[in-house]
>>> print(open('final_30.cif').read())   # mmCIF, C-alpha atoms
data_final
#
loop_
_atom_site.group_PDB
_atom_site.id
_atom_site.type_symbol
_atom_site.label_atom_id
_atom_site.label_comp_id
_atom_site.auth_asym_id
_atom_site.auth_seq_id
_atom_site.Cartn_x
_atom_site.Cartn_y
_atom_site.Cartn_z
ATOM 1 C CA MET A 438 16.953 -3.366 -1.839
ATOM 2 C CA LEU A 439 13.312 -4.377 -2.185
ATOM 3 C CA SER A 440 12.079 -7.722 -0.914
ATOM 4 C CA ALA A 441 9.851 -9.972 -2.980
ATOM 5 C CA LEU A 442 6.203 -8.960 -3.221
ATOM 6 C CA VAL A 443 3.931 -10.849 -0.831
ATOM 7 C CA PRO A 444 0.192 -10.979 -1.589
ATOM 8 C CA LEU A 445 -1.871 -9.236 1.062
ATOM 9 C CA PRO A 446 -5.424 -10.541 0.609
ATOM 10 C CA ALA A 447 -8.173 -8.496 2.203
ATOM 11 C CA ALA A 448 -11.934 -8.881 1.967
ATOM 12 C CA SER A 449 -12.501 -5.295 3.104
ATOM 13 C CA GLU A 450 -10.660 -2.039 3.568
ATOM 14 C CA ALA A 451 -10.845 -2.492 7.339
ATOM 15 C CA GLU A 452 -9.142 -5.883 7.026
ATOM 16 C CA LEU A 453 -6.395 -4.403 4.851
ATOM 17 C CA LEU A 454 -5.824 -1.481 7.224
ATOM 18 C CA ALA A 455 -5.537 -3.873 10.170
ATOM 19 C CA ALA A 456 -2.918 -5.941 8.319
ATOM 20 C CA LEU A 457 -0.663 -3.028 7.349
ATOM 21 C CA ARG A 458 2.549 -2.525 9.316
ATOM 22 C CA PRO A 459 3.224 1.233 9.395
ATOM 23 C CA ARG A 460 6.835 2.228 8.750
ATOM 24 C CA VAL A 461 7.617 -1.385 7.709
ATOM 25 C CA ASP A 462 5.475 -2.204 4.675
ATOM 26 C CA GLY A 463 5.747 -0.873 1.186
ATOM 27 C CA LEU A 464 2.467 -1.426 -0.618
ATOM 28 C CA VAL A 465 1.537 -2.128 -4.234
ATOM 29 C CA LEU A 466 -2.069 -1.598 -5.318
ATOM 30 C CA VAL A 467 -3.389 -3.250 -8.501
ATOM 31 C CA GLU A 468 -6.865 -2.632 -9.923
ATOM 32 C CA GLY A 469 -7.150 -3.799 -13.527
ATOM 33 C CA ARG A 470 -4.610 -1.748 -15.483
ATOM 34 C CA ARG A 471 -4.130 0.731 -12.631
ATOM 35 C CA ARG A 472 -1.106 0.259 -10.391
ATOM 36 C CA ALA A 473 0.631 2.314 -7.749
ATOM 37 C CA THR A 474 3.163 1.769 -5.000
ATOM 38 C CA PHE A 475 4.440 3.559 -1.930
ATOM 39 C CA LEU A 476 7.800 2.696 -0.418
ATOM 40 C CA PRO A 477 7.926 2.240 3.361
ATOM 41 C CA ALA A 478 9.564 5.697 3.617
ATOM 42 C CA VAL A 479 6.207 7.275 2.662
ATOM 43 C CA TRP A 480 4.934 6.371 6.151
ATOM 44 C CA ARG A 481 7.003 9.318 7.440
ATOM 45 C CA GLU A 482 4.737 11.679 5.493
ATOM 46 C CA LEU A 483 1.516 9.663 5.841
ATOM 47 C CA PRO A 484 1.746 7.880 9.217
ATOM 48 C CA GLU A 485 -1.934 6.907 9.538
ATOM 49 C CA PRO A 486 -2.863 3.734 7.596
ATOM 50 C CA ARG A 487 -6.164 5.121 6.295
ATOM 51 C CA GLN A 488 -4.410 8.227 4.966
ATOM 52 C CA PHE A 489 -1.570 6.129 3.475
ATOM 53 C CA LEU A 490 -4.084 3.962 1.598
ATOM 54 C CA ALA A 491 -6.212 6.914 0.437
ATOM 55 C CA HIS A 492 -3.164 8.620 -1.084
ATOM 56 C CA LEU A 493 -2.047 5.372 -2.722
ATOM 57 C CA LYS A 494 -5.488 4.980 -4.307
ATOM 58 C CA HIS A 495 -5.272 8.582 -5.534
ATOM 59 C CA LYS A 496 -1.836 7.862 -7.032
ATOM 60 C CA ALA A 497 -3.436 4.946 -8.944
ATOM 61 C CA GLY A 498 -6.174 7.271 -10.235
ATOM 62 C CA LEU A 499 -8.887 5.873 -7.970
ATOM 63 C CA PRO A 500 -11.167 7.685 -5.526
ATOM 64 C CA ALA A 501 -10.076 7.544 -1.875
ATOM 65 C CA ASP A 502 -13.220 5.590 -0.941
ATOM 66 C CA HIS A 503 -12.882 3.047 -3.779
ATOM 67 C CA TRP A 504 -13.158 -0.615 -2.871
ATOM 68 C CA SER A 505 -13.899 -3.610 -5.078
ATOM 69 C CA PRO A 506 -13.368 -7.374 -4.977
ATOM 70 C CA SER A 507 -10.853 -7.045 -7.829
ATOM 71 C CA LEU A 508 -8.457 -4.854 -5.825
ATOM 72 C CA GLN A 509 -5.168 -6.606 -5.170
ATOM 73 C CA PHE A 510 -2.467 -5.619 -2.696
ATOM 74 C CA PHE A 511 1.096 -6.771 -2.238
ATOM 75 C CA ARG A 512 3.430 -5.838 0.580
ATOM 76 C CA TYR A 513 7.197 -5.608 0.526
ATOM 77 C CA THR A 514 9.993 -4.348 2.712
ATOM 78 C CA VAL A 515 13.132 -2.375 1.982
ATOM 79 C CA GLU A 516 16.648 -2.972 3.197
ATOM 80 C CA GLU A 517 18.789 0.152 3.041
ATOM 81 C CA PHE A 518 22.552 0.082 2.708
ATOM 82 C CA ARG A 519 24.603 3.070 3.779
#
>>> encode(input="final_30.cif", output="C-alpha cells")
Amino acid sequence: MLSALVPLPAASEAELLAALRPRVDGLVLVEGRRRATFLPAVWRELPEPRQFLAHLKHKAGLPADHWSPSLQFFRYTVEEFR
C-alpha cells in the first residue's frame, strides 16, 4: 500500500539528494507534463541517490543533469503485506 504523497521541496539537486532516504522513499518527479516515479524497491537496483535520481529523470524523458525551478518532487513510502 502506498502512503500519501508528501511534497519534497528542494532548491537544488544537492538539497534533494541530501533529503532522500535510500531504501525508504519512493519518489515522484513532476516537470510540466512530464512525470515519473520509482517505488522504494528500485533502491535495490540503484542504491546511490545520484544514480536513482538520474534514472528517474531519464524515465521522465529529461536529461540526467536537468534541473529547473519548476521541478517538483514528492516522496512516499510503501507498506507491503505478505
>>> residues_around(input="final_30.cif", residues="His503 in chain A", least_positions_apart="3", cutoff="12 Å", atoms="only C-alpha atoms", output="list in words")
Ser449, Glu450, Leu466, Glu468, Leu490, Ala491, His492, Leu493, Lys494, His495, Ala497, Gly498, Leu499, Pro500, Pro506, Ser507 and Leu508 of chain A
>>> axis_aligned_box(input="final_30.cif", around="range 467-486 of chain A", padding_each_side="8 Å", output="JSON")
{"center_x": 1.2, "center_y": 3.9, "center_z": -3.0, "size_x": 32.7, "size_y": 31.5, "size_z": 41.0}
>>> atom_distance(input="final_30.cif", atom1="CA of Val515 in chain A", atom2="CA of Leu439 in chain A")
4.6 Å
>>> resolve_selection(input="final_30.cif", expression="the PyMOL selection byres ((chain A and resi 444) around 6)", output="PyMOL selection string")
chain A and resi 443+445+511
>>> closest_residue(input="final_30.cif", among="A:Gln488, A:Lys496, A:Glu516, A:Glu452", to="Arg472 in chain A", atoms="all atoms listed in the file")
A:Lys496
>>> atom_distance(input="final_30.cif", atom1="CA of Thr514 in chain A", atom2="CA of Glu485 in chain A")
17.8 Å
>>> closest_residue(input="final_30.cif", among="A:Leu453, A:Met438, A:Ala448, A:Ala501", to="Pro477 in chain A", atoms="only C-alpha atoms")
A:Met438
>>> atom_distance(input="final_30.cif", atom1="CA of Arg460 in chain A", atom2="CA of Gln509 in chain A")
20.4 Å
>>> residues_around(input="final_30.cif", residues="Ala451 in chain A", least_positions_apart="5", cutoff="12 Å", atoms="only C-alpha atoms", output="PyMOL selection string")
chain A and resi 446+456-457+486-487+490+502+504
>>> closest_residue(input="final_30.cif", among="A:Leu442, A:Phe510, A:Pro459, A:Leu454", to="Arg471 in chain A", atoms="only C-alpha atoms")
A:Phe510
>>> resolve_selection(input="final_30.cif", expression="the PyMOL selection byres ((chain A and resi 480) around 9)", output="PyMOL selection string")
chain A and resi 459-463+475-479+481-486+489
